[in-house]
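For reference, final.txt is printed below; it contains compact mmCIF, C-alpha atoms and all ligand atoms.
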```
# COMPACT_ATOMS: atom_id res chain seq x y z
CA MET A 12 75.83 90.03 91.34
CA LYS A 13 72.42 90.53 89.77
CA ASP A 14 69.42 88.56 90.94
CA LYS A 15 66.42 87.65 88.78
CA SER A 16 64.98 91.14 89.08
CA ASN A 17 68.24 92.56 87.72
CA LYS A 18 69.30 94.22 90.96
CA THR A 19 72.93 94.64 91.88
CA TYR A 20 73.54 94.58 95.62
CA PHE A 21 76.36 96.38 97.36
CA GLU A 22 78.51 93.38 98.29
CA GLY A 23 78.26 91.85 94.83
CA ALA A 24 79.14 95.16 93.20
CA LEU A 25 82.17 95.66 95.43
CA SER A 26 83.54 92.18 94.84
CA LYS A 27 83.08 92.56 91.09
CA ILE A 28 84.94 95.86 91.13
CA LEU A 29 87.75 94.43 93.22
CA ARG A 30 88.06 91.48 90.87
CA HIS A 31 88.81 93.93 88.05
CA ALA A 32 91.24 96.03 90.08
CA GLU A 33 94.69 94.58 89.43
CA LYS A 34 97.82 95.47 91.34
CA THR A 35 99.96 98.02 89.57
CA GLY A 36 103.60 97.23 88.79
CA THR A 37 106.30 97.90 91.34
CA GLU A 38 108.98 100.54 91.63
CA LYS A 39 111.83 101.31 93.97
CA VAL A 40 111.45 104.50 95.97
CA SER A 41 113.62 106.03 98.61
CA VAL A 42 112.47 105.14 102.11
CA VAL A 43 112.10 108.85 102.86
CA GLU A 44 109.50 109.17 100.10
CA SER A 45 107.72 105.91 100.79
CA CYS A 46 105.07 107.18 103.23
CA GLY A 47 101.56 106.30 102.06
CA ARG A 48 102.81 103.57 99.73
CA PHE A 49 102.34 99.81 100.11
CA LEU A 50 105.12 97.22 100.27
CA SER A 51 105.22 94.82 97.34
CA SER A 52 107.05 92.14 99.39
CA ASP A 53 107.81 91.23 102.99
CA ILE A 54 110.63 93.13 104.63
CA ILE A 55 113.05 90.85 106.49
CA ALA A 56 115.55 92.36 108.92
CA ASP A 57 119.18 91.41 108.61
CA ILE A 58 120.12 93.00 111.92
CA ASN A 59 118.77 93.06 115.46
CA ILE A 60 117.05 96.16 116.77
CA PRO A 61 118.29 97.21 119.25
CA LEU A 62 121.62 96.14 117.86
CA PHE A 63 123.12 95.60 121.34
CA ASP A 64 121.90 95.32 124.95
CA ASN A 65 121.55 98.88 126.22
CA SER A 66 120.33 100.90 129.13
CA ALA A 67 116.73 102.12 129.31
CA MET A 68 117.66 104.68 131.99
CA ASP A 69 120.29 107.10 133.10
CA GLY A 70 121.90 105.43 136.13
CA TYR A 71 124.56 102.86 136.97
CA ALA A 72 125.33 99.54 135.35
CA VAL A 73 125.58 97.03 138.20
CA LYS A 74 125.58 93.37 139.15
CA HIS A 75 122.19 92.78 140.74
CA ASP A 76 123.85 90.37 143.23
CA ASP A 77 125.80 93.31 144.68
CA LEU A 78 122.58 95.13 145.58
CA LYS A 79 120.68 92.20 147.11
CA ASN A 80 120.68 93.78 150.57
CA ALA A 81 120.35 97.44 149.57
CA SER A 82 117.58 99.43 151.29
CA ARG A 83 116.82 103.02 152.18
CA ASP A 84 118.16 102.46 155.73
CA PHE A 85 121.16 100.39 154.62
CA PRO A 86 122.35 101.66 151.23
CA VAL A 87 125.02 99.64 149.48
CA LYS A 88 128.21 101.43 148.48
CA LEU A 89 129.76 100.66 145.07
CA ILE A 90 132.90 102.16 143.55
CA VAL A 91 132.21 104.11 140.37
CA ILE A 92 134.94 102.95 137.97
CA ASP A 93 133.83 104.42 134.67
CA GLU A 94 131.17 106.18 132.63
CA ILE A 95 129.53 105.07 129.37
CA LYS A 96 127.68 107.64 127.32
CA ALA A 97 125.23 106.81 124.52
CA GLY A 98 127.35 106.31 121.43
CA ASP A 99 130.48 105.13 123.30
CA ASP A 100 132.12 101.89 122.22
CA PHE A 101 131.01 99.92 125.27
CA SER A 102 133.04 96.81 124.38
CA LYS A 103 136.09 98.20 126.14
CA PHE A 104 134.33 98.47 129.53
CA LYS A 105 134.15 95.68 132.08
CA LEU A 106 132.34 95.69 135.41
CA LYS A 107 133.85 93.99 138.46
CA ALA A 108 132.02 92.93 141.65
CA GLY A 109 131.56 95.75 144.14
CA CYS A 110 131.73 98.36 141.37
CA ALA A 111 129.32 100.37 139.22
CA ILE A 112 129.69 102.10 135.87
CA ARG A 113 127.76 105.32 135.35
CA ILE A 114 125.63 104.77 132.24
CA MET A 115 123.31 106.89 130.10
CA THR A 116 120.09 105.92 128.33
CA GLY A 117 120.89 104.11 125.10
CA ALA A 118 124.50 103.32 126.07
CA GLY A 119 125.62 99.67 125.66
CA ILE A 120 125.61 97.46 128.76
CA PRO A 121 129.24 96.62 129.67
CA SER A 122 130.28 93.03 130.15
CA GLY A 123 129.89 91.90 133.73
CA ALA A 124 126.81 94.08 134.34
CA ASP A 125 123.33 92.55 134.33
CA SER A 126 121.13 95.47 135.37
CA VAL A 127 120.88 99.21 135.66
CA ILE A 128 119.86 101.10 138.78
CA GLN A 129 118.27 104.38 137.86
CA VAL A 130 119.98 107.54 139.02
CA GLU A 131 116.94 108.56 141.12
CA ASP A 132 117.63 105.65 143.55
CA THR A 133 121.27 106.55 144.07
CA PHE A 134 123.52 109.15 145.61
CA GLU A 135 127.06 109.66 144.34
CA SER A 136 129.86 111.10 146.41
CA GLU A 137 133.64 111.07 146.06
CA GLY A 138 133.85 108.23 143.56
CA ASN A 139 131.30 106.05 145.30
CA VAL A 140 127.64 105.55 144.61
CA PHE A 141 125.20 104.69 147.37
CA VAL A 142 122.24 102.63 146.22
CA SER A 143 119.10 102.60 148.33
CA ARG A 144 117.26 99.65 146.80
CA SER A 145 117.84 96.30 145.21
CA VAL A 146 117.32 95.66 141.49
CA SER A 147 116.03 92.61 139.73
CA ARG A 148 118.20 90.92 137.15
CA HIS A 149 117.92 92.69 133.79
CA GLU A 150 116.06 95.66 135.26
CA ASN A 151 116.28 98.63 132.88
CA VAL A 152 118.13 96.61 130.25
CA ARG A 153 116.82 96.74 126.69
CA PHE A 154 117.92 93.57 124.97
CA ALA A 155 119.36 93.22 121.49
CA GLY A 156 116.57 92.13 119.16
CA GLU A 157 113.72 92.87 121.56
CA ASP A 158 112.14 95.18 118.97
CA ILE A 159 113.17 93.36 115.78
CA GLN A 160 115.03 90.08 115.43
CA SER A 161 117.46 89.52 112.61
CA GLY A 162 115.99 87.10 110.05
CA LYS A 163 112.39 87.82 111.09
CA LYS A 164 109.69 89.64 109.13
CA VAL A 165 109.59 93.32 110.09
CA LEU A 166 106.74 94.39 107.82
CA PRO A 167 104.46 92.28 105.64
CA MET A 168 103.72 92.63 101.96
CA GLY A 169 100.77 95.00 101.45
CA CYS A 170 101.56 96.97 104.57
CA ARG A 171 101.03 100.71 104.30
CA ILE A 172 104.13 102.69 105.13
CA GLY A 173 103.22 105.23 107.78
CA SER A 174 105.46 107.03 110.23
CA ALA A 175 106.25 104.02 112.45
CA GLU A 176 106.91 101.80 109.43
CA LEU A 177 109.20 104.43 107.95
CA GLY A 178 111.10 104.54 111.24
CA LEU A 179 111.46 100.75 111.19
CA LEU A 180 112.77 100.75 107.62
CA VAL A 181 115.34 103.40 108.50
CA SER A 182 116.30 101.50 111.70
CA ILE A 183 117.17 98.35 109.81
CA GLY A 184 119.31 100.35 107.43
CA LEU A 185 117.19 100.37 104.26
CA ARG A 186 117.64 103.26 101.85
CA ASN A 187 115.15 102.15 99.20
CA VAL A 188 112.04 100.06 99.26
CA GLU A 189 109.94 98.32 96.59
CA VAL A 190 106.33 99.51 96.44
CA HIS A 191 103.44 99.45 94.00
CA ARG A 192 103.11 102.27 91.51
CA ARG A 193 100.53 104.91 92.31
CA PRO A 194 97.55 104.54 89.95
CA LEU A 195 96.85 107.54 87.74
CA VAL A 196 93.26 108.67 88.17
CA LYS A 197 91.63 110.90 85.54
CA ILE A 198 88.80 113.04 86.85
CA LEU A 199 86.03 114.43 84.68
CA SER A 200 82.97 116.45 85.66
CA THR A 201 79.89 116.46 83.47
CA GLY A 202 76.95 118.84 83.27
CA ASP A 203 75.76 121.96 81.46
CA GLU A 204 75.25 123.62 84.84
CA ILE A 205 78.77 123.11 86.16
CA ALA A 206 81.07 126.13 86.47
CA ASP A 207 84.72 125.73 87.35
CA MET A 208 86.42 127.75 90.06
CA GLU A 209 87.61 130.49 87.76
CA ASP A 210 84.40 130.67 85.66
CA ALA A 211 81.64 133.23 86.16
CA LEU A 212 78.63 131.70 87.88
CA LYS A 213 75.87 132.46 85.37
CA PRO A 214 72.22 132.07 86.40
CA GLY A 215 71.32 128.41 86.82
CA MET A 216 74.91 127.27 87.28
CA ILE A 217 76.66 125.68 90.26
CA ARG A 218 80.28 125.27 91.23
CA ASN A 219 82.19 122.15 90.30
CA SER A 220 82.80 120.91 93.82
CA ASN A 221 82.92 117.23 92.83
CA ALA A 222 86.15 117.43 90.85
CA TYR A 223 87.90 118.87 93.88
CA THR A 224 86.50 116.52 96.53
CA LEU A 225 87.51 113.68 94.21
CA MET A 226 91.03 115.02 93.65
CA SER A 227 91.48 115.34 97.38
CA GLU A 228 90.18 111.80 98.01
CA VAL A 229 92.37 110.33 95.27
CA SER A 230 95.53 111.79 96.73
CA LYS A 231 94.49 110.92 100.29
CA TYR A 232 94.68 107.23 99.43
CA GLY A 233 97.97 107.57 97.60
CA ALA A 234 96.97 107.70 93.93
CA VAL A 235 97.76 110.51 91.48
CA HIS A 236 95.04 112.59 89.89
CA ASP A 237 94.82 114.36 86.59
CA TYR A 238 91.91 116.70 85.93
CA LEU A 239 90.16 116.38 82.58
CA GLY A 240 87.92 119.40 83.17
CA ILE A 241 84.20 119.64 82.50
CA ALA A 242 82.28 117.99 79.66
CA ARG A 243 78.94 119.49 78.79
CA ASP A 244 75.87 117.25 78.58
CA ASN A 245 76.73 116.18 75.09
CA ARG A 246 77.54 112.60 74.13
CA ASP A 247 80.42 113.43 71.79
CA GLU A 248 82.06 115.77 74.27
CA ILE A 249 81.82 113.24 77.08
CA ARG A 250 83.11 110.44 74.84
CA ASN A 251 86.06 112.54 73.68
CA LYS A 252 86.99 113.45 77.25
CA ILE A 253 86.74 109.80 78.30
CA ILE A 254 89.07 108.95 75.41
CA ASP A 255 91.45 111.65 76.73
CA GLY A 256 91.42 109.73 80.00
CA LEU A 257 92.58 106.43 78.47
CA THR A 258 96.17 107.12 79.51
CA GLY A 259 95.10 106.68 83.13
CA ASP A 260 94.54 103.57 85.23
CA ILE A 261 91.17 104.79 86.43
CA ILE A 262 88.69 107.30 85.00
CA ILE A 263 86.15 108.85 87.34
CA THR A 264 83.28 110.99 86.09
CA SER A 265 80.61 112.67 88.16
CA GLY A 266 77.06 113.32 86.99
CA GLY A 267 75.23 112.22 83.89
CA VAL A 268 74.49 108.64 84.96
CA SER A 269 70.85 108.99 85.98
CA MET A 270 67.91 108.33 83.69
CA GLY A 271 67.43 111.96 82.62
CA GLU A 272 67.18 113.16 79.00
CA TYR A 273 70.66 114.64 79.26
CA ASP A 274 72.50 111.82 81.04
CA PHE A 275 74.91 110.58 78.38
CA VAL A 276 77.74 108.98 80.31
CA ARG A 277 76.62 105.38 79.71
CA GLU A 278 76.37 105.80 75.94
CA ALA A 279 79.60 107.78 75.75
CA LEU A 280 81.34 105.07 77.75
CA VAL A 281 80.28 102.33 75.36
CA GLU A 282 81.33 104.48 72.40
CA ALA A 283 84.75 104.89 74.01
CA GLY A 284 85.11 101.11 73.98
CA PHE A 285 84.27 100.21 77.58
CA SER A 286 82.19 97.24 78.68
CA ILE A 287 79.67 98.12 81.33
CA ILE A 288 79.96 95.71 84.26
CA ILE A 289 77.64 97.32 86.80
CA GLU A 290 74.91 99.92 86.59
CA ASN A 291 72.61 100.81 89.45
CA ILE A 292 73.43 99.48 92.88
CA MET A 293 70.87 98.88 95.60
CA MET A 294 72.25 101.57 97.86
CA LYS A 295 71.41 105.09 99.04
CA PRO A 296 72.95 107.43 98.21
CA GLY A 297 74.82 106.38 95.08
CA LYS A 298 72.33 104.17 93.25
CA PRO A 299 73.02 105.15 89.61
CA LEU A 300 76.75 104.32 89.70
CA VAL A 301 78.15 102.90 86.44
CA PHE A 302 81.25 100.73 86.46
CA GLY A 303 82.98 99.72 83.26
CA VAL A 304 86.29 98.32 82.09
CA LYS A 305 88.45 98.57 79.01
CA LYS A 306 91.48 96.26 79.25
CA ASN A 307 93.03 97.22 82.62
CA ILE A 308 91.38 100.63 82.78
CA LEU A 309 88.60 100.99 85.33
CA PHE A 310 85.79 103.47 84.77
CA PHE A 311 83.61 104.78 87.57
CA GLY A 312 80.65 106.94 86.53
CA LEU A 313 79.64 108.40 89.87
CA PRO A 314 76.29 110.11 90.39
CA GLY A 315 76.57 113.90 90.47
CA ASN A 316 75.06 114.83 93.80
CA PRO A 317 78.04 115.80 95.94
CA VAL A 318 77.29 113.34 98.77
CA SER A 319 76.57 110.51 96.32
CA THR A 320 79.85 111.27 94.58
CA MET A 321 81.81 111.12 97.82
CA ILE A 322 80.12 108.05 99.23
CA SER A 323 80.39 106.07 96.03
CA PHE A 324 84.06 107.05 95.86
CA LEU A 325 84.58 105.96 99.45
CA GLU A 326 82.82 102.63 99.07
CA PHE A 327 83.99 101.58 95.59
CA VAL A 328 86.77 103.68 94.07
CA ARG A 329 88.81 103.89 97.28
CA PRO A 330 88.94 100.08 97.73
CA ALA A 331 89.88 99.68 94.06
CA ILE A 332 92.73 102.19 94.40
CA LEU A 333 93.98 100.52 97.56
CA LYS A 334 93.87 97.08 95.99
CA MET A 335 95.76 98.37 92.93
CA MET A 336 98.38 99.84 95.22
CA GLY A 337 98.84 96.43 96.86
CA ALA A 338 97.17 97.15 100.20
CA PHE A 339 96.31 94.10 102.29
CA ARG A 340 93.81 96.03 104.37
CA ILE A 341 91.20 97.98 102.47
CA ASN A 342 88.15 98.02 104.69
CA LYS A 343 87.48 101.09 106.79
CA PRO A 344 86.95 100.12 110.44
CA VAL A 345 83.35 99.16 111.25
CA MET A 346 82.11 99.18 114.84
CA LYS A 347 78.82 98.71 116.68
CA ALA A 348 77.12 101.74 118.19
CA VAL A 349 73.82 102.54 119.86
CA LEU A 350 71.56 104.69 117.73
CA ALA A 351 70.66 107.91 119.54
CA ASP A 352 67.74 108.86 117.28
CA PRO A 353 65.28 106.87 115.15
CA VAL A 354 66.08 106.52 111.44
CA PRO A 355 63.33 105.97 108.88
CA LYS A 356 64.09 103.47 106.14
CA LYS A 357 62.34 101.37 103.54
CA PRO A 358 63.65 97.85 102.97
CA GLY A 359 65.52 97.33 99.69
CA ARG A 360 68.68 99.39 99.55
CA ARG A 361 71.73 99.64 101.80
CA HIS A 362 71.80 103.07 103.40
CA PHE A 363 74.90 105.11 104.24
CA ILE A 364 73.86 107.76 106.72
CA ARG A 365 76.15 110.60 107.68
CA ALA A 366 76.57 110.55 111.42
CA VAL A 367 78.66 111.43 114.45
CA PHE A 368 79.78 108.86 117.01
CA PHE A 369 80.38 109.73 120.63
CA ILE A 370 80.83 108.01 123.97
CA LYS A 371 77.96 108.16 126.48
CA ASN A 372 77.98 106.22 129.76
CA GLY A 373 81.06 104.41 128.52
CA ALA A 374 79.33 103.10 125.38
CA LEU A 375 79.66 104.10 121.75
CA HIS A 376 76.58 105.97 120.52
CA VAL A 377 75.82 107.52 117.16
CA THR A 378 73.56 110.30 115.98
CA THR A 379 72.80 111.39 112.44
CA THR A 380 74.04 114.75 111.16
CA GLY A 381 70.44 115.75 110.34
CA PRO A 382 68.95 116.09 106.84
CA GLN A 383 70.35 113.37 104.60
CA GLY A 384 69.71 114.81 101.13
CA SER A 385 72.42 113.68 98.72
CA GLY A 386 73.08 117.32 97.81
CA ILE A 387 73.87 118.30 101.41
CA LEU A 388 77.67 118.20 101.32
CA LYS A 389 77.87 119.80 104.76
CA SER A 390 76.61 116.47 106.13
CA MET A 391 79.87 114.84 104.97
CA SER A 392 81.86 117.56 106.61
CA ASP A 393 79.94 117.25 109.89
CA ALA A 394 80.16 113.46 109.95
CA ASN A 395 82.89 111.36 111.51
CA CYS A 396 81.24 108.09 110.48
CA LEU A 397 78.55 106.53 108.33
CA ILE A 398 75.76 104.46 109.79
CA ILE A 399 75.39 101.45 107.51
CA LEU A 400 71.87 100.05 107.45
CA PRO A 401 71.47 96.69 105.71
CA GLU A 402 69.28 96.24 102.64
CA GLU A 403 66.53 94.30 104.41
CA ALA A 404 66.16 96.75 107.30
CA GLY A 405 63.06 98.92 107.72
CA ASP A 406 62.69 101.83 110.15
CA ILE A 407 65.33 101.66 112.86
CA GLU A 408 64.36 102.57 116.39
CA GLU A 409 66.33 104.71 118.77
CA GLY A 410 68.45 102.49 121.04
CA SER A 411 69.08 99.86 118.33
CA GLU A 412 72.58 98.64 117.73
CA VAL A 413 73.88 99.66 114.29
CA ASP A 414 77.10 99.32 112.31
CA ILE A 415 79.14 102.47 111.88
CA GLN A 416 81.97 102.87 109.44
CA LEU A 417 84.70 105.26 110.58
CA ILE A 418 85.35 107.54 107.65
CA LYS A 419 87.78 110.06 109.02
CA HIS A 420 90.38 107.35 109.33
CA GLU A 421 92.55 108.82 106.60
CA GLU A 422 94.79 105.96 105.57
CA ILE A 423 92.25 103.24 104.72
P1 LIG B 501 73.38 114.42 87.64
O1 LIG B 501 73.86 113.13 88.24
O2 LIG B 501 74.18 114.88 86.49
O3 LIG B 501 71.92 114.36 87.36
O4 LIG B 501 73.56 115.49 88.79
C1 LIG B 501 72.88 115.37 90.01
C2 LIG B 501 73.05 116.60 90.84
O5 LIG B 501 74.40 116.77 91.16
C3 LIG B 501 72.62 117.87 90.15
O6 LIG B 501 71.95 118.69 91.08
C4 LIG B 501 73.92 118.50 89.73
O7 LIG B 501 73.83 119.87 89.61
C5 LIG B 501 74.86 118.06 90.83
N1 LIG B 501 76.22 117.99 90.31
C6 LIG B 501 76.59 117.34 89.18
N2 LIG B 501 77.90 117.49 88.94
C7 LIG B 501 78.37 118.26 89.95
C8 LIG B 501 79.66 118.76 90.27
N3 LIG B 501 80.71 118.52 89.47
N4 LIG B 501 79.81 119.50 91.40
C9 LIG B 501 78.73 119.74 92.19
N5 LIG B 501 77.50 119.28 91.95
C10 LIG B 501 77.30 118.56 90.83
MG MG B 502 74.08 116.21 85.00
```
For the file at hand, write its structure as structure tokens.
Amino acid sequence: MKDKSNKTYFEGALSKILRHAEKTGTEKVSVVESCGRFLSSDIIADINIPLFDNSAMDGYAVKHDDLKNASRDFPVKLIVIDEIKAGDDFSKFKLKAGCAIRIMTGAGIPSGADSVIQVEDTFESEGNVFVSRSVSRHENVRFAGEDIQSGKKVLPMGCRIGSAELGLLVSIGLRNVEVHRRPLVKILSTGDEIADMEDALKPGMIRNSNAYTLMSEVSKYGAVHDYLGIARDNRDEIRNKIIDGLTGDIIITSGGVSMGEYDFVREALVEAGFSIIIENIMMKPGKPLVFGVKKNILFFGLPGNPVSTMISFLEFVRPAILKMMGAFRINKPVMKAVLADPVPKKPGRRHFIRAVFFIKNGALHVTTTGPQGSGILKSMSDANCLIILPEEAGDIEEGSEVDIQLIKHEEI
């Protein structure tokens, strides 16, 4: 969303990007391999969980009426007529008045019983159990369907499958599940000064950390990465590498998008047939980001400074990946915290400040990680959140309430 002065603001840029990010097709995967994927439709249970009323405790299945008058001084004696272990076919057991059936956690409640007295409140001797307290009806009974009811929605479309969701899918007997395909993300570094891990570090060169932080981020959110290597600051080389990336769903480059003499990504992108949708966003760090599209392929030209690369990934590429994978929740959690130190700022851009939140006097506080240069990658490692300062804000005083975005929340 550009205003008259040709400025693209953060929110407008994000909604434009998300508008271009289309859900990938679906595929069936085994439930066991579905962790980190997103459901492409609602999951409806066709059984109850638990499947049958069962005991929440080791103890005795009883009729609560029989124990009405039980107390420590006047225990009630019941005849132990049977035992039901977890896994036993409980349908063949029946409880009569004045009797108890020894029962284990998870075992089905026999007909005639309405509650379970836990073993700790009993004493068994010679075929009788002495119970030293009363029980309320249904005490320690887990009812069929109390977790999941047959015919009801267990998990909604767009839900991320984590450990609990995987457990639910297995519980209701699913072997396979339909999810969105993982987008393929091509990663390219640009710059004459960039040396890869195995290359000698000649004078004036730096290591290619961006490709690796990006690969790690891409897989964290469930997409697949493919490394295109390093293109030198040469328009043809960058264009050819971008063309190599056209088999992907997303191409990410780092570096080469500023206004320097040797920043060729924009031109190379156009030569590779992309339309540029966004360039320059009113944010810090990350201003020179370039976003382009060619058919369904999204292109993110991220600025090269390692913090700018990571933050622009986090704020723009990550949501696009999640949307493509069908996620219904793509925003990282944002909370309010009290600023523990003053932060200088000029109005105009949205700032993303690396910071650490902590609890003091029962309230959430936040302090910056120190120097905020966009080359200081350690600040990302030290941070557990980003302070987000709105465009219009000027200097922020200590004690002000600010928004913090929790960034070490891996799944979203
Ligand atoms: P650029 O956006 O190309 O002007 O790069 C900005 C800064 O980021 C420069 O200091 C680069 O050396 C640095 N940089 C660019 N690409 C990478 C990379 N792949 N890994 C680490 N730093 C990089
Ligand atoms: Mg460069």
> In Å to one decimal, how far is CA of Phe275 in chain A from atom C1 of ligand LIG 501 (chain B)?
Replying inline: 12.7 Å
Got a sec to check which residues lie within 9 Å of ligand MG 502 (chain B), using all atoms listed in the file, and send them as a PDB file with C-alpha atoms, in the frame of the given file?
```pdb
ATOM      1  CA  SER A 200      82.970 116.450  85.660  1.00  0.00           C
ATOM      2  CA  THR A 201      79.890 116.460  83.470  1.00  0.00           C
ATOM      3  CA  GLY A 202      76.950 118.840  83.270  1.00  0.00           C
ATOM      4  CA  ASP A 203      75.760 121.960  81.460  1.00  0.00           C
ATOM      5  CA  GLU A 204      75.250 123.620  84.840  1.00  0.00           C
ATOM      6  CA  ILE A 205      78.770 123.110  86.160  1.00  0.00           C
ATOM      7  CA  ARG A 243      78.940 119.490  78.790  1.00  0.00           C
ATOM      8  CA  ASP A 244      75.870 117.250  78.580  1.00  0.00           C
ATOM      9  CA  SER A 265      80.610 112.670  88.160  1.00  0.00           C
ATOM     10  CA  GLY A 266      77.060 113.320  86.990  1.00  0.00           C
ATOM     11  CA  GLY A 267      75.230 112.220  83.890  1.00  0.00           C
ATOM     12  CA  VAL A 268      74.490 108.640  84.960  1.00  0.00           C
ATOM     13  CA  SER A 269      70.850 108.990  85.980  1.00  0.00           C
ATOM     14  CA  GLY A 271      67.430 111.960  82.620  1.00  0.00           C
ATOM     15  CA  TYR A 273      70.660 114.640  79.260  1.00  0.00           C
ATOM     16  CA  ASP A 274      72.500 111.820  81.040  1.00  0.00           C
ATOM     17  CA  PHE A 275      74.910 110.580  78.380  1.00  0.00           C
ATOM     18  CA  PRO A 314      76.290 110.110  90.390  1.00  0.00           C
ATOM     19  CA  GLY A 315      76.570 113.900  90.470  1.00  0.00           C
ATOM     20  CA  ASN A 316      75.060 114.830  93.800  1.00  0.00           C
TER      21      ASN A 316
END
```
> Glu402 in chain A: which residues within 8 Å, counting only C-alpha atoms, same-chain residues fewer than 6 positions away excluded, as JSON, numbers by chain?
Replying inline: {"A": [293, 294, 358, 359, 360, 361, 362]}
> From the set A:Asp210, A:Glu150, A:Glu421, A:Asp352, which residue has the shortest atom-to-atom contact distance to Ala366 in chain A, counting all atoms listed in the file?
Replying inline: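 Of the candidates, the smallest distance to Ala366 in chain A is held by A:Asp352.
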> Within 6 Å of range 327-335 of chain A, counting only C-alpha atoms, which residues qualify if same-chain residues fewer than 2 places away don't, as a ChimeraX atom specification?
Replying inline: /A:29,32-35,323-325,337-338,341
>> Just to confirm, what's the straight-line distance from CA of Asn307 in chain A to CA of Gly36 in chain A in Å (one decimal)?
In response: 12.2 Å
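Across the structure, CA of Gln416 in chain A and CA of Lys298 in chain A are spaced 18.9 Å apart.
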>> Using only C-alpha atoms and all ligand atoms for the distances, tell me which of A:Ala394, A:Ile407, A:Val301, A:Val345 is nearest to ligand LIG 501 (chain B).
In response: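 Nearest to ligand LIG 501 (chain B): A:Val301.
Among the candidate residues A:Asn80, A:Thr19, A:Ser182, A:Ser319, the one lying nearest to ligand LIG 501 (chain B) is A:Ser319, with distances computed using only C-alpha atoms and all ligand atoms.
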Would you place a box with edges along x, y and z of the file around all atoms of ligand LIG 501 (chain B) listed there, add 4 Å to each of its six sides, and report the centre and edge lengths in Å to one decimal, as AutoDock Vina command-line options?
```
--center_x 76.3 --center_y 116.5 --center_z 89.3 --size_x 16.8 --size_y 14.7 --size_z 13.7
```
> Using all atoms listed in the file, can you list as a list in words the residues within 10 Å of (116.7, 90.4, 111.8)?
Replying inline: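 Here the neighbourhood of the point contains Ile54, Ile55, Ala56, Asp57, Ile58, Asn59, Ile60, Leu62, Gly156, Asp158, Ile159, Gln160, Ser161, Gly162, Lys163, Lys164, Val165 and Ile183 of chain A.
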> Quick one: of A:Asp393, A:Glu412, A:Glu282, A:Glu44, who's nearest to Gly173 in chain A, counting only C-alpha atoms?
Replying inline: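 Comparing A:Asp393, A:Glu412, A:Glu282, A:Glu44 against Gly173 in chain A, the winner is A:Glu44.
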>> Would you pick out the contacts of Pro121 in chain A at 7 Å or less, using all atoms listed in the file, so that residues sharing its chain but fewer than 4 positions from it are not included, and give the list as a ChimeraX atom specification?
In response: /A:101-102,104-106
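With all atoms listed in the file as the atoms that count, the residue of A:Gly303, A:Gly297, A:Gly184, A:Gly169 with the shortest distance to ligand LIG 501 (chain B) is A:Gly297.
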> Which polymer residues have any atom within 6 Å of an atom of range 222-235 of chain A, counting all atoms listed in the file, with same-chain residues fewer than 4 positions away left out, as a VMD selection string?
Replying inline: chain A and resid 47 193 to 196
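With all atoms listed in the file as the atoms that count, the residue of A:Ile198, A:Met321, A:Ile217, A:Ala242 with the shortest distance to Gly256 in chain A is A:Ile198.
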